[in-house]
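Shown next: start-v9.txt, containing compact mmCIF, C-alpha atoms and all ligand atoms.
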# COMPACT_ATOMS: atom_id res chain seq x y z
CA MET A 1 -95.25 -23.31 29.02
CA LEU A 2 -93.14 -25.20 26.51
CA SER A 3 -92.82 -24.13 22.90
CA PRO A 4 -93.92 -26.70 20.29
CA ASP A 5 -90.30 -27.50 19.32
CA ASP A 6 -89.69 -28.82 22.78
CA SER A 7 -91.35 -32.06 21.72
CA PHE A 8 -88.70 -34.30 23.32
CA LEU A 9 -88.91 -32.43 26.58
CA ARG A 10 -92.69 -32.49 26.49
CA ALA A 11 -92.77 -36.27 25.96
CA ARG A 12 -90.15 -36.76 28.65
CA ARG A 13 -92.14 -34.78 31.20
CA ARG A 14 -95.32 -36.61 30.26
CA ARG A 15 -93.58 -39.93 30.90
CA VAL A 16 -92.15 -38.73 34.21
CA ALA A 17 -95.52 -37.28 35.27
CA ALA A 18 -97.22 -40.62 34.63
CA ALA A 19 -94.54 -42.39 36.67
CA LEU A 20 -94.59 -39.93 39.57
CA ARG A 21 -98.28 -39.11 40.07
CA PRO A 22 -99.04 -42.39 41.90
CA VAL A 23 -95.90 -42.00 44.06
CA LEU A 24 -96.31 -38.33 44.97
CA GLY A 25 -100.01 -38.37 45.82
CA GLU A 26 -100.68 -34.83 47.11
CA ALA A 27 -96.99 -33.87 47.32
CA SER A 28 -95.41 -31.38 44.90
CA LEU A 29 -91.95 -32.04 43.54
CA LEU A 30 -88.90 -29.76 43.37
CA VAL A 31 -85.89 -30.92 41.36
CA HIS A 32 -82.81 -28.85 42.20
CA ALA A 33 -79.92 -28.19 39.80
CA GLY A 34 -77.59 -27.50 42.72
CA THR A 35 -75.13 -24.74 43.47
CA ALA A 36 -71.46 -24.39 42.59
CA VAL A 37 -69.23 -24.98 45.62
CA PRO A 38 -66.65 -22.23 46.30
CA LEU A 39 -63.04 -23.26 46.78
CA PRO A 40 -62.14 -23.21 50.47
CA GLU A 41 -59.54 -20.48 49.96
CA ASN A 42 -62.40 -17.98 49.89
CA THR A 43 -61.60 -16.81 46.39
CA ASP A 44 -64.22 -16.13 43.74
CA GLN A 45 -63.45 -19.54 42.18
CA THR A 46 -65.64 -22.62 42.46
CA TYR A 47 -65.16 -26.33 41.87
CA PRO A 48 -66.28 -27.24 38.33
CA PHE A 49 -70.05 -27.33 38.36
CA LEU A 50 -72.51 -29.53 36.51
CA SER A 51 -76.22 -29.42 37.26
CA HIS A 52 -77.74 -32.56 38.74
CA THR A 53 -78.74 -34.92 35.92
CA GLU A 54 -82.34 -35.12 37.18
CA TYR A 55 -82.59 -31.36 36.66
CA VAL A 56 -80.96 -31.48 33.22
CA TYR A 57 -83.34 -34.23 32.15
CA LEU A 58 -86.43 -32.25 33.13
CA ALA A 59 -85.27 -28.71 32.36
CA GLY A 60 -83.53 -29.65 29.11
CA THR A 61 -80.55 -27.42 29.97
CA GLU A 62 -77.82 -26.74 32.50
CA GLY A 63 -78.84 -24.17 35.10
CA GLU A 64 -77.00 -23.57 38.33
CA ARG A 65 -79.48 -22.88 41.17
CA GLY A 66 -82.41 -23.65 38.87
CA ILE A 67 -85.39 -25.62 40.18
CA VAL A 68 -87.93 -27.61 38.18
CA THR A 69 -91.27 -27.95 39.94
CA PHE A 70 -94.11 -30.37 39.33
CA ASP A 71 -97.55 -30.20 40.88
CA PRO A 72 -99.33 -33.52 40.31
CA ARG A 73 -102.77 -31.97 40.89
CA LEU A 74 -102.46 -30.02 37.63
CA ALA A 75 -102.76 -31.26 34.04
CA ASP A 76 -99.44 -32.09 32.35
CA ASP A 77 -99.21 -28.80 30.41
CA GLU A 78 -99.63 -26.71 33.58
CA ALA A 79 -97.95 -28.96 36.12
CA TRP A 80 -94.32 -28.16 35.29
CA GLU A 81 -92.45 -24.91 35.88
CA VAL A 82 -88.74 -24.06 35.68
CA PHE A 83 -87.48 -21.43 38.14
CA VAL A 84 -84.19 -19.78 37.20
CA PRO A 85 -82.00 -17.40 39.18
CA VAL A 86 -81.74 -13.74 38.33
CA PRO A 87 -78.05 -13.07 37.67
CA SER A 88 -76.46 -10.57 40.03
CA GLU A 89 -74.58 -7.58 38.70
CA GLY A 90 -71.31 -9.29 39.67
CA GLU A 91 -72.27 -12.44 37.74
CA ARG A 92 -73.18 -10.31 34.71
CA ILE A 93 -69.87 -8.44 34.87
CA TRP A 94 -67.47 -11.27 35.74
CA GLU A 95 -69.11 -14.27 34.05
CA GLY A 96 -71.27 -12.66 31.38
CA ARG A 97 -74.37 -14.39 32.73
CA THR A 98 -77.69 -13.36 31.25
CA GLN A 99 -81.24 -14.09 32.31
CA ALA A 100 -82.11 -17.69 31.38
CA PRO A 101 -85.62 -18.46 30.11
CA GLY A 102 -87.99 -19.52 32.88
CA THR A 103 -89.73 -18.07 35.90
CA PRO A 104 -87.46 -15.82 37.99
CA LEU A 105 -86.48 -17.66 41.19
CA PRO A 106 -87.84 -14.97 43.56
CA ARG A 107 -91.32 -16.05 42.43
CA LEU A 108 -90.78 -19.48 44.03
CA ALA A 109 -91.99 -17.96 47.32
CA SER A 110 -95.47 -17.42 45.87
CA TRP A 111 -95.40 -20.93 44.35
CA PHE A 112 -94.84 -22.24 47.89
CA SER A 113 -97.54 -20.04 49.44
CA ALA A 114 -100.07 -21.29 46.89
CA ARG A 115 -99.37 -24.76 48.28
CA GLU A 116 -99.22 -23.95 51.94
CA GLY A 117 -99.80 -26.91 54.24
CA ARG A 118 -99.13 -29.46 51.52
CA PRO A 119 -96.14 -31.83 51.39
CA PHE A 120 -93.10 -31.37 49.16
CA VAL A 121 -90.55 -33.83 47.81
CA HIS A 122 -87.06 -32.67 46.86
CA LEU A 123 -84.92 -34.42 44.23
CA GLY A 124 -81.83 -33.51 42.21
CA SER A 125 -79.19 -31.77 44.30
CA ARG A 126 -81.45 -31.77 47.37
CA PRO A 127 -81.00 -29.22 50.16
CA VAL A 128 -79.25 -31.13 52.98
CA GLU A 129 -81.80 -30.08 55.58
CA GLN A 130 -84.64 -31.87 53.75
CA PRO A 131 -85.50 -35.32 55.16
CA VAL A 132 -85.11 -38.37 52.94
CA ASP A 133 -88.39 -40.17 53.53
CA ALA A 134 -89.96 -43.15 51.81
CA THR A 135 -91.79 -40.93 49.28
CA THR A 136 -88.52 -39.24 48.30
CA LEU A 137 -86.80 -42.59 47.77
CA ALA A 138 -89.72 -43.94 45.75
CA ALA A 139 -89.90 -40.74 43.66
CA ARG A 140 -86.19 -41.01 42.83
CA GLU A 141 -86.57 -44.70 41.90
CA HIS A 142 -89.49 -43.96 39.58
CA LEU A 143 -87.86 -40.89 38.02
CA SER A 144 -84.73 -42.94 37.32
CA HIS A 145 -86.80 -45.68 35.79
CA ALA A 146 -88.67 -43.23 33.54
CA ARG A 147 -85.33 -41.81 32.35
CA ARG A 148 -83.92 -45.16 31.26
CA PRO A 149 -85.17 -45.53 27.68
CA LYS A 150 -83.34 -42.98 25.55
CA ASP A 151 -85.38 -40.81 23.20
CA ALA A 152 -84.24 -39.78 19.72
CA GLY A 153 -82.87 -36.45 20.97
CA GLU A 154 -80.73 -38.19 23.58
CA LEU A 155 -79.53 -40.79 21.08
CA ARG A 156 -78.44 -38.03 18.70
CA LEU A 157 -76.19 -36.60 21.44
CA LEU A 158 -74.91 -40.04 22.40
CA ARG A 159 -74.00 -40.83 18.81
CA ALA A 160 -72.19 -37.50 18.60
CA ALA A 161 -70.30 -38.37 21.81
CA ALA A 162 -69.43 -41.76 20.30
CA ALA A 163 -68.06 -40.08 17.14
CA CYS A 164 -65.85 -37.73 19.21
CA THR A 165 -64.69 -40.66 21.34
CA ALA A 166 -63.81 -42.62 18.20
CA ALA A 167 -61.79 -39.66 16.87
CA GLY A 168 -59.75 -39.64 20.10
CA TYR A 169 -59.12 -43.39 20.09
CA ALA A 170 -58.07 -43.20 16.43
CA ARG A 171 -55.06 -41.15 17.63
CA LEU A 172 -53.96 -43.79 20.14
CA PRO A 173 -51.88 -46.11 17.92
CA SER A 174 -49.45 -43.26 17.19
CA LEU A 175 -49.32 -42.30 20.88
CA LEU A 176 -48.72 -45.70 22.43
CA GLN A 177 -44.95 -45.64 22.05
CA ALA A 178 -42.35 -46.76 24.57
CA GLY A 179 -41.37 -43.71 26.62
CA ALA A 180 -44.72 -41.95 26.34
CA THR A 181 -46.33 -41.45 29.73
CA GLU A 182 -49.84 -42.28 30.90
CA ARG A 183 -50.39 -38.56 31.37
CA SER A 184 -49.19 -37.60 27.88
CA ILE A 185 -51.63 -40.10 26.41
CA GLN A 186 -54.46 -38.65 28.49
CA ILE A 187 -53.66 -35.12 27.31
CA GLU A 188 -53.58 -36.01 23.61
CA LEU A 189 -56.65 -38.20 23.82
CA GLU A 190 -58.75 -35.56 25.57
CA ALA A 191 -57.54 -32.86 23.17
CA GLU A 192 -58.57 -35.01 20.23
CA PHE A 193 -62.04 -35.58 21.71
CA GLN A 194 -62.46 -31.83 21.91
CA ARG A 195 -60.99 -31.09 18.48
CA ALA A 196 -63.67 -33.45 17.16
CA GLY A 197 -66.38 -31.37 18.83
CA ALA A 198 -66.71 -32.75 22.36
CA THR A 199 -67.74 -30.44 25.18
CA GLY A 200 -65.35 -32.27 27.51
CA THR A 201 -64.82 -35.73 28.96
CA GLY A 202 -67.51 -37.89 30.45
CA TYR A 203 -65.48 -38.75 33.57
CA GLY A 204 -61.89 -38.83 34.76
CA THR A 205 -59.82 -40.46 32.01
CA ILE A 206 -58.10 -43.69 33.02
CA VAL A 207 -54.76 -44.66 31.47
CA GLY A 208 -52.90 -47.50 33.19
CA ALA A 209 -49.64 -49.02 31.94
CA GLY A 210 -48.20 -52.35 33.08
CA SER A 211 -49.37 -53.24 36.59
CA ASN A 212 -51.39 -49.98 36.68
CA ALA A 213 -53.76 -51.60 34.18
CA ALA A 214 -55.03 -53.63 37.15
CA ILE A 215 -56.01 -50.52 39.14
CA LEU A 216 -59.62 -50.14 38.15
CA HIS A 217 -59.81 -46.33 38.35
CA VAL A 218 -56.13 -45.42 38.10
CA SER A 219 -55.30 -41.74 37.54
CA PRO A 220 -52.84 -41.22 34.69
CA SER A 221 -49.37 -40.63 36.10
CA SER A 222 -45.87 -39.89 34.84
CA ARG A 223 -45.28 -43.63 34.47
CA ALA A 224 -43.61 -44.29 31.11
CA LEU A 225 -44.74 -47.07 28.79
CA ARG A 226 -42.31 -49.95 28.24
CA PRO A 227 -42.30 -52.31 25.25
CA GLY A 228 -44.63 -55.22 25.92
CA ASP A 229 -46.66 -53.42 28.62
CA PHE A 230 -50.40 -53.66 28.63
CA VAL A 231 -51.92 -50.17 28.45
CA LEU A 232 -55.54 -49.87 29.50
CA VAL A 233 -57.38 -46.73 28.36
CA ASP A 234 -60.88 -46.02 29.72
CA ALA A 235 -62.14 -42.67 28.47
CA GLY A 236 -65.12 -41.09 26.79
CA ALA A 237 -66.11 -37.81 25.23
CA ARG A 238 -69.06 -35.73 26.41
CA VAL A 239 -71.33 -33.78 24.07
CA GLY A 240 -73.62 -31.49 26.03
CA ARG A 241 -74.28 -33.68 29.04
CA TYR A 242 -74.28 -36.98 27.10
CA VAL A 243 -71.25 -39.21 27.51
CA CYS A 244 -69.67 -42.34 26.16
CA ASP A 245 -67.65 -44.71 28.32
CA VAL A 246 -65.18 -46.81 26.34
CA THR A 247 -62.28 -49.06 27.33
CA ARG A 248 -59.60 -50.63 25.18
CA THR A 249 -56.41 -52.45 26.18
CA TYR A 250 -53.30 -52.42 23.99
CA VAL A 251 -49.81 -53.84 24.13
CA VAL A 252 -46.99 -51.34 23.65
CA GLY A 253 -45.16 -52.22 20.45
CA GLY A 254 -48.13 -54.24 19.26
CA ARG A 255 -46.54 -57.67 19.85
CA PRO A 256 -48.34 -59.42 22.73
CA ASP A 257 -46.77 -62.51 24.22
CA PRO A 258 -48.90 -65.69 23.97
CA PHE A 259 -50.44 -65.21 27.42
CA GLN A 260 -51.35 -61.56 26.69
CA ARG A 261 -52.79 -62.56 23.33
CA ASP A 262 -54.93 -65.31 24.91
CA LEU A 263 -56.10 -63.00 27.67
CA HIS A 264 -57.13 -60.29 25.19
CA ALA A 265 -58.86 -62.87 22.99
CA LEU A 266 -60.71 -64.24 26.01
CA VAL A 267 -62.00 -60.81 27.07
CA THR A 268 -63.00 -60.13 23.46
CA THR A 269 -65.05 -63.33 23.41
CA VAL A 270 -66.68 -62.53 26.76
CA LEU A 271 -67.54 -59.05 25.46
CA THR A 272 -69.00 -60.33 22.19
CA ASN A 273 -71.10 -62.97 23.95
CA ALA A 274 -72.38 -60.46 26.51
CA VAL A 275 -73.27 -57.84 23.87
CA GLY A 276 -75.29 -60.48 22.00
CA ARG A 277 -77.29 -61.13 25.17
CA CYS A 278 -78.38 -57.49 25.56
CA ARG A 279 -82.00 -58.05 24.58
CA PRO A 280 -85.23 -56.61 25.95
CA GLY A 281 -86.39 -58.59 28.96
CA ARG A 282 -83.00 -60.10 29.80
CA GLU A 283 -82.00 -59.61 33.44
CA TRP A 284 -78.74 -57.69 33.68
CA LYS A 285 -77.50 -59.78 36.59
CA ASP A 286 -77.94 -62.94 34.52
CA ILE A 287 -75.90 -61.42 31.69
CA HIS A 288 -73.26 -60.50 34.29
CA LEU A 289 -73.17 -64.04 35.70
CA ARG A 290 -72.96 -65.58 32.21
CA ALA A 291 -69.98 -63.32 31.50
CA ALA A 292 -68.41 -64.43 34.79
CA GLU A 293 -68.88 -68.04 33.70
CA ASP A 294 -67.25 -67.32 30.31
CA ILE A 295 -64.32 -65.73 32.14
CA CYS A 296 -63.89 -68.75 34.41
CA ALA A 297 -64.12 -71.14 31.45
CA GLY A 298 -61.40 -69.19 29.64
CA LEU A 299 -59.14 -68.99 32.68
CA VAL A 300 -59.52 -72.73 33.22
CA THR A 301 -58.42 -73.31 29.61
CA MET A 302 -55.49 -70.94 30.14
CA GLY A 303 -54.39 -72.89 33.22
CA VAL A 304 -55.07 -70.12 35.75
CA MET A 305 -58.29 -71.41 37.34
CA ARG A 306 -59.46 -74.93 37.89
CA GLY A 307 -62.89 -76.50 38.29
CA GLN A 308 -66.28 -76.32 36.61
CA PRO A 309 -67.03 -72.74 35.43
CA ALA A 310 -70.63 -72.78 36.74
CA GLU A 311 -69.48 -74.00 40.16
CA LEU A 312 -66.67 -71.45 40.27
CA VAL A 313 -69.20 -68.68 39.68
CA GLU A 314 -71.59 -70.20 42.21
CA ARG A 315 -68.78 -69.83 44.77
CA ASP A 316 -68.01 -66.27 43.52
CA ALA A 317 -64.45 -67.37 42.65
CA HIS A 318 -64.58 -65.22 39.49
CA THR A 319 -64.38 -62.12 41.69
CA LEU A 320 -60.68 -62.87 42.20
CA PHE A 321 -60.06 -61.81 38.60
CA PHE A 322 -63.28 -59.96 37.66
CA PRO A 323 -64.14 -57.94 40.75
CA HIS A 324 -66.57 -55.44 39.25
CA GLY A 325 -69.95 -55.51 37.57
CA LEU A 326 -70.34 -56.07 33.85
CA GLY A 327 -71.56 -52.52 33.29
CA HIS A 328 -74.03 -49.75 33.95
CA LEU A 329 -76.42 -47.52 32.06
CA VAL A 330 -74.69 -44.65 30.29
CA GLY A 331 -75.88 -41.49 28.60
CA LEU A 332 -76.90 -38.52 30.71
CA GLY A 333 -73.81 -38.89 32.89
CA VAL A 334 -71.45 -41.81 33.03
CA ARG A 335 -73.76 -43.89 35.22
CA ASP A 336 -76.96 -42.40 33.80
CA ALA A 337 -80.00 -43.79 35.64
CA SER A 338 -78.42 -47.04 36.82
CA GLY A 339 -79.75 -48.78 39.92
CA THR A 340 -82.50 -51.26 40.56
CA LEU A 341 -85.96 -51.75 39.20
CA PRO A 342 -88.43 -49.79 41.40
CA GLY A 343 -89.28 -51.87 44.45
CA ARG A 344 -86.43 -54.32 43.98
CA ALA A 345 -84.23 -54.77 47.05
CA ALA A 346 -80.43 -54.99 46.79
CA ASN A 347 -79.35 -58.55 46.04
CA PRO A 348 -77.78 -60.03 49.20
CA ARG A 349 -75.30 -62.23 47.32
CA PRO A 350 -71.83 -60.67 47.84
CA ALA A 351 -70.90 -60.91 44.15
CA LEU A 352 -74.14 -59.18 43.09
CA ARG A 353 -74.54 -56.63 45.85
CA THR A 354 -72.17 -54.25 44.13
CA LEU A 355 -73.65 -54.45 40.62
CA ARG A 356 -74.49 -50.93 39.48
CA CYS A 357 -77.64 -52.24 37.79
CA ASP A 358 -80.17 -54.85 38.80
CA LEU A 359 -82.99 -54.68 36.29
CA PRO A 360 -84.29 -56.27 33.12
CA LEU A 361 -83.09 -54.56 29.94
CA ALA A 362 -85.63 -52.80 27.75
CA ASP A 363 -85.82 -51.28 24.29
CA GLY A 364 -83.96 -47.93 24.26
CA TYR A 365 -81.64 -48.59 27.18
CA VAL A 366 -77.96 -47.82 26.58
CA ILE A 367 -75.64 -49.88 28.73
CA THR A 368 -71.90 -50.37 28.99
CA VAL A 369 -70.66 -53.91 28.58
CA GLU A 370 -67.21 -54.03 30.15
CA PRO A 371 -65.76 -57.39 31.09
CA GLY A 372 -62.26 -57.37 32.51
CA ILE A 373 -59.68 -59.80 33.84
CA TYR A 374 -57.02 -58.40 36.16
CA PHE A 375 -54.20 -59.61 38.38
CA ILE A 376 -54.70 -57.51 41.49
CA ARG A 377 -52.36 -58.01 44.45
CA ALA A 378 -54.95 -56.84 46.98
CA LEU A 379 -57.15 -59.77 45.95
CA LEU A 380 -54.66 -62.44 44.93
CA GLU A 381 -52.35 -62.01 47.93
CA ASP A 382 -55.18 -61.87 50.44
CA PRO A 383 -54.76 -64.90 52.79
CA THR A 384 -58.51 -65.26 53.40
CA ARG A 385 -59.29 -65.47 49.72
CA ARG A 386 -56.34 -67.80 49.07
CA GLU A 387 -57.69 -70.18 51.68
CA ARG A 388 -61.32 -69.94 50.52
CA TYR A 389 -60.39 -70.48 46.89
CA ALA A 390 -57.44 -72.83 47.43
CA ASP A 391 -58.95 -75.39 45.06
CA CYS A 392 -60.18 -72.88 42.43
CA VAL A 393 -56.88 -71.43 41.21
CA HIS A 394 -53.52 -72.81 40.13
CA TRP A 395 -51.88 -70.58 42.74
CA ASP A 396 -48.37 -71.51 41.62
CA ARG A 397 -49.15 -69.76 38.28
CA VAL A 398 -50.15 -66.51 39.94
CA PRO A 399 -46.88 -64.86 41.15
CA PRO A 400 -45.47 -64.17 37.65
CA LEU A 401 -48.80 -62.58 36.68
CA LEU A 402 -48.92 -60.04 39.50
CA ASP A 403 -47.19 -57.30 37.51
CA LEU A 404 -49.00 -57.96 34.26
CA GLY A 405 -51.95 -55.64 34.90
CA GLY A 406 -55.14 -56.67 33.16
CA VAL A 407 -57.42 -56.36 30.18
CA ARG A 408 -60.78 -54.59 30.05
CA LEU A 409 -62.83 -53.97 26.92
CA GLU A 410 -65.94 -51.83 27.00
CA GLU A 411 -68.64 -51.00 24.49
CA ASN A 412 -71.79 -48.89 24.79
CA VAL A 413 -74.76 -50.90 23.62
CA LEU A 414 -78.22 -49.72 22.59
CA VAL A 415 -80.87 -52.32 23.35
CA THR A 416 -83.36 -52.61 20.50
CA PRO A 417 -86.21 -55.01 19.69
CA GLY A 418 -83.80 -56.68 17.24
CA GLU A 419 -80.02 -56.97 17.29
CA PRO A 420 -78.25 -54.87 19.94
CA GLU A 421 -76.54 -51.85 18.37
CA VAL A 422 -72.98 -51.15 19.48
CA LEU A 423 -72.73 -47.35 19.46
CA THR A 424 -68.96 -47.51 19.92
CA ALA A 425 -68.27 -50.12 17.24
CA ALA A 426 -66.14 -47.69 15.20
CA ILE A 427 -63.35 -48.04 17.77
CA PRO A 428 -61.26 -51.13 16.98
CA LEU A 429 -61.01 -53.60 19.85
CA GLY A 430 -57.23 -53.51 19.61
N1 LIG B 501 -65.46 -45.92 33.07
C1 LIG B 501 -65.47 -45.28 34.32
C2 LIG B 501 -66.58 -45.67 35.20
O1 LIG B 501 -67.53 -46.31 34.79
O2 LIG B 501 -66.53 -45.34 36.35

Can you give me the file's structure in the form of structure tokens?
Amino acid sequence: MLSPDDSFLRARRRRVAAALRPVLGEASLLVHAGTAVPLPENTDQTYPFLSHTEYVYLAGTEGERGIVTFDPRLADDEAWEVFVPVPSEGERIWEGRTQAPGTPLPRLASWFSAREGRPFVHLGSRPVEQPVDATTLAAREHLSHARRPKDAGELRLLRAAAACTAAGYARLPSLLQAGATERSIQIELEAEFQRAGATGTGYGTIVGAGSNAAILHVSPSSRALRPGDFVLVDAGARVGRYVCDVTRTYVVGGRPDPFQRDLHALVTTVLTNAVGRCRPGREWKDIHLRAAEDICAGLVTMGVMRGQPAELVERDAHTLFFPHGLGHLVGLGVRDASGTLPGRAANPRPALRTLRCDLPLADGYVITVEPGIYFIRALLEDPTRRERYADCVHWDRVPPLLDLGGVRLEENVLVTPGEPEVLTAAIPLG
């Protein structure tokens, strides 16, 4: 049973129960935290472990090997149980583990026998031998959907993560000096997040200088910054399991050339327009396509693309310069409960198939808005694309841009019934 102060958890489980009862029918649910994976060298070390977010959401804590169960035949207060492992002597001695609150895991056997002959659905870090059937897929869709609106407890952690992220970014102007390396910036930024109270980072920090700014998930390297380089920084602090995901792009030395200035201004405009469109009921893919149109309009004005912006987007020509989606849900994990609305099939259109979200926004959702414009050789030197989009780009303007990198700007936006709230607004856009 939950104690009365677990009011957020209680409301969360009530919402999930209402969403899952029609899907599960007679089946009981097990949501697995997962197990740390030992390093292959057969040492006593493991890869860093984080419990599956579905477990964290329903258990309210981390908990390696923990399992949350739900029996839809029981009333809400009785239906949920959290099984937790009993630490071994070795774990007590070497890791200082203690018994977590919950039902000891050995009692799961009697939970199963009480339900003999009935079906089970496994979510979270599912055992590999369990089949993925239609009920499992539907249960995951509906659990994700129930997780999407953030409650006040989650928003408190997200705001804390945003404050730690802002503290890290506030250090950047003094770090972005010619000669500093991508890696040295990563180290200082992450240290500052943690000095400000972060538990860690939300995902692998991205720092890309010069042409590396056009590698979407570049790992920071020993590459040194040169005056006039773009430097793209995509990093976020984590507090508990709640993360921010922020991107800013700077110019080393702070004096952009006219093209860099126009490019940054264009991405800023696209960002601002897209944030303003984050309203309840708006389809995310429409906001994405409007951003794509804004990007094409700006690149036409800058003399890089040519044609009517709406037609360019209709032909997916924007993907030459903006090859990713406009954003994803963020919060409990960097992608939180992104995905599609329950029952919605993947969009067959090539430019939309890879969007991380295909759903209407709703009050309480937190979503990244992250337009970017890049000059990526793999796209712009591809003969098939050059032929298909021969009339969409001033191709003679492209070669000098191939080492420029790119610009991405990213905010985390809380959808409300009124104006969208930018949780990361304290971080200057550059
Ligand atoms: N910002 C990193 C990611 O969304 O993957």

List every residue of chain A that has an atom at most 10 Å from any atom of ligand LIG 501 (chain B), giving for each one its closest atom pair and the distance in Å to one decimal, counting only C-alpha atoms and all ligand atoms, sorted by chain and then by ascending residue number, as a tab-separated table.
residue	atom	partner	partner_atom	distance
A:Gly202	CA	B:LIG501	C1	8.6
A:Tyr203	CA	B:LIG501	C1	6.6
A:Gly204	CA	B:LIG501	C1	7.4
A:Thr205	CA	B:LIG501	C1	7.8
A:Ile206	CA	B:LIG501	C1	7.7
A:Leu216	CA	B:LIG501	C1	8.5
A:His217	CA	B:LIG501	C1	7.0
A:Val233	CA	B:LIG501	N1	9.4
A:Asp234	CA	B:LIG501	N1	5.7
A:Ala235	CA	B:LIG501	N1	6.5
A:Gly236	CA	B:LIG501	N1	7.9
A:Cys244	CA	B:LIG501	N1	8.8
A:Asp245	CA	B:LIG501	N1	5.4
A:Val246	CA	B:LIG501	N1	6.8
A:Thr247	CA	B:LIG501	N1	7.3
A:Gly325	CA	B:LIG501	O1	9.9
A:Gly327	CA	B:LIG501	O1	7.6
A:His328	CA	B:LIG501	O1	7.4
A:Leu329	CA	B:LIG501	O1	9.4
A:Val330	CA	B:LIG501	O1	8.6
A:Gly333	CA	B:LIG501	O1	9.9
A:Val334	CA	B:LIG501	O1	6.2
A:Arg335	CA	B:LIG501	O1	6.7
A:Arg356	CA	B:LIG501	O1	9.6
A:Thr368	CA	B:LIG501	O1	8.3
A:Glu370	CA	B:LIG501	N1	8.8
A:Glu410	CA	B:LIG501	N1	8.5

Within 12 Å of (-65.3, -70.5, 33.7) in the file's own coordinates, which protein, DNA or RNA residues have an atom, counting only C-alpha atoms? List them as a PyMOL selection string. chain A and resi 266+270+289-319+321-322+392-393

Expected file: the selected residues, C-alpha atoms, as an mmCIF file, in the coordinates of the input:
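Output (out24.cif):
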data_model
loop_
_atom_site.group_PDB
_atom_site.id
_atom_site.type_symbol
_atom_site.label_atom_id
_atom_site.label_comp_id
_atom_site.auth_asym_id
_atom_site.auth_seq_id
_atom_site.Cartn_x
_atom_site.Cartn_y
_atom_site.Cartn_z
ATOM 1 C CA LEU A 266 -60.710 -64.240 26.010
ATOM 2 C CA VAL A 270 -66.680 -62.530 26.760
ATOM 3 C CA LEU A 289 -73.170 -64.040 35.700
ATOM 4 C CA ARG A 290 -72.960 -65.580 32.210
ATOM 5 C CA ALA A 291 -69.980 -63.320 31.500
ATOM 6 C CA ALA A 292 -68.410 -64.430 34.790
ATOM 7 C CA GLU A 293 -68.880 -68.040 33.700
ATOM 8 C CA ASP A 294 -67.250 -67.320 30.310
ATOM 9 C CA ILE A 295 -64.320 -65.730 32.140
ATOM 10 C CA CYS A 296 -63.890 -68.750 34.410
ATOM 11 C CA ALA A 297 -64.120 -71.140 31.450
ATOM 12 C CA GLY A 298 -61.400 -69.190 29.640
ATOM 13 C CA LEU A 299 -59.140 -68.990 32.680
ATOM 14 C CA VAL A 300 -59.520 -72.730 33.220
ATOM 15 C CA THR A 301 -58.420 -73.310 29.610
ATOM 16 C CA MET A 302 -55.490 -70.940 30.140
ATOM 17 C CA GLY A 303 -54.390 -72.890 33.220
ATOM 18 C CA VAL A 304 -55.070 -70.120 35.750
ATOM 19 C CA MET A 305 -58.290 -71.410 37.340
ATOM 20 C CA ARG A 306 -59.460 -74.930 37.890
ATOM 21 C CA GLY A 307 -62.890 -76.500 38.290
ATOM 22 C CA GLN A 308 -66.280 -76.320 36.610
ATOM 23 C CA PRO A 309 -67.030 -72.740 35.430
ATOM 24 C CA ALA A 310 -70.630 -72.780 36.740
ATOM 25 C CA GLU A 311 -69.480 -74.000 40.160
ATOM 26 C CA LEU A 312 -66.670 -71.450 40.270
ATOM 27 C CA VAL A 313 -69.200 -68.680 39.680
ATOM 28 C CA GLU A 314 -71.590 -70.200 42.210
ATOM 29 C CA ARG A 315 -68.780 -69.830 44.770
ATOM 30 C CA ASP A 316 -68.010 -66.270 43.520
ATOM 31 C CA ALA A 317 -64.450 -67.370 42.650
ATOM 32 C CA HIS A 318 -64.580 -65.220 39.490
ATOM 33 C CA THR A 319 -64.380 -62.120 41.690
ATOM 34 C CA PHE A 321 -60.060 -61.810 38.600
ATOM 35 C CA PHE A 322 -63.280 -59.960 37.660
ATOM 36 C CA CYS A 392 -60.180 -72.880 42.430
ATOM 37 C CA VAL A 393 -56.880 -71.430 41.210
#

Long-range neighbours of Trp395 of chain A as a PyMOL selection string, 12 Å cut-off, all atoms listed in the file, 3 positions minimum in chain: chain A and resi 303-306+320+380-381+383+385-387+389-392+398-402

Serialized selection, C-alpha atoms, as an mmCIF file, in the frame of the given file:
data_model
loop_
_atom_site.group_PDB
_atom_site.id
_atom_site.type_symbol
_atom_site.label_atom_id
_atom_site.label_comp_id
_atom_site.auth_asym_id
_atom_site.auth_seq_id
_atom_site.Cartn_x
_atom_site.Cartn_y
_atom_site.Cartn_z
ATOM 1 C CA GLY A 303 -54.390 -72.890 33.220
ATOM 2 C CA VAL A 304 -55.070 -70.120 35.750
ATOM 3 C CA MET A 305 -58.290 -71.410 37.340
ATOM 4 C CA ARG A 306 -59.460 -74.930 37.890
ATOM 5 C CA LEU A 320 -60.680 -62.870 42.200
ATOM 6 C CA LEU A 380 -54.660 -62.440 44.930
ATOM 7 C CA GLU A 381 -52.350 -62.010 47.930
ATOM 8 C CA PRO A 383 -54.760 -64.900 52.790
ATOM 9 C CA ARG A 385 -59.290 -65.470 49.720
ATOM 10 C CA ARG A 386 -56.340 -67.800 49.070
ATOM 11 C CA GLU A 387 -57.690 -70.180 51.680
ATOM 12 C CA TYR A 389 -60.390 -70.480 46.890
ATOM 13 C CA ALA A 390 -57.440 -72.830 47.430
ATOM 14 C CA ASP A 391 -58.950 -75.390 45.060
ATOM 15 C CA CYS A 392 -60.180 -72.880 42.430
ATOM 16 C CA VAL A 398 -50.150 -66.510 39.940
ATOM 17 C CA PRO A 399 -46.880 -64.860 41.150
ATOM 18 C CA PRO A 400 -45.470 -64.170 37.650
ATOM 19 C CA LEU A 401 -48.800 -62.580 36.680
ATOM 20 C CA LEU A 402 -48.920 -60.040 39.500
#
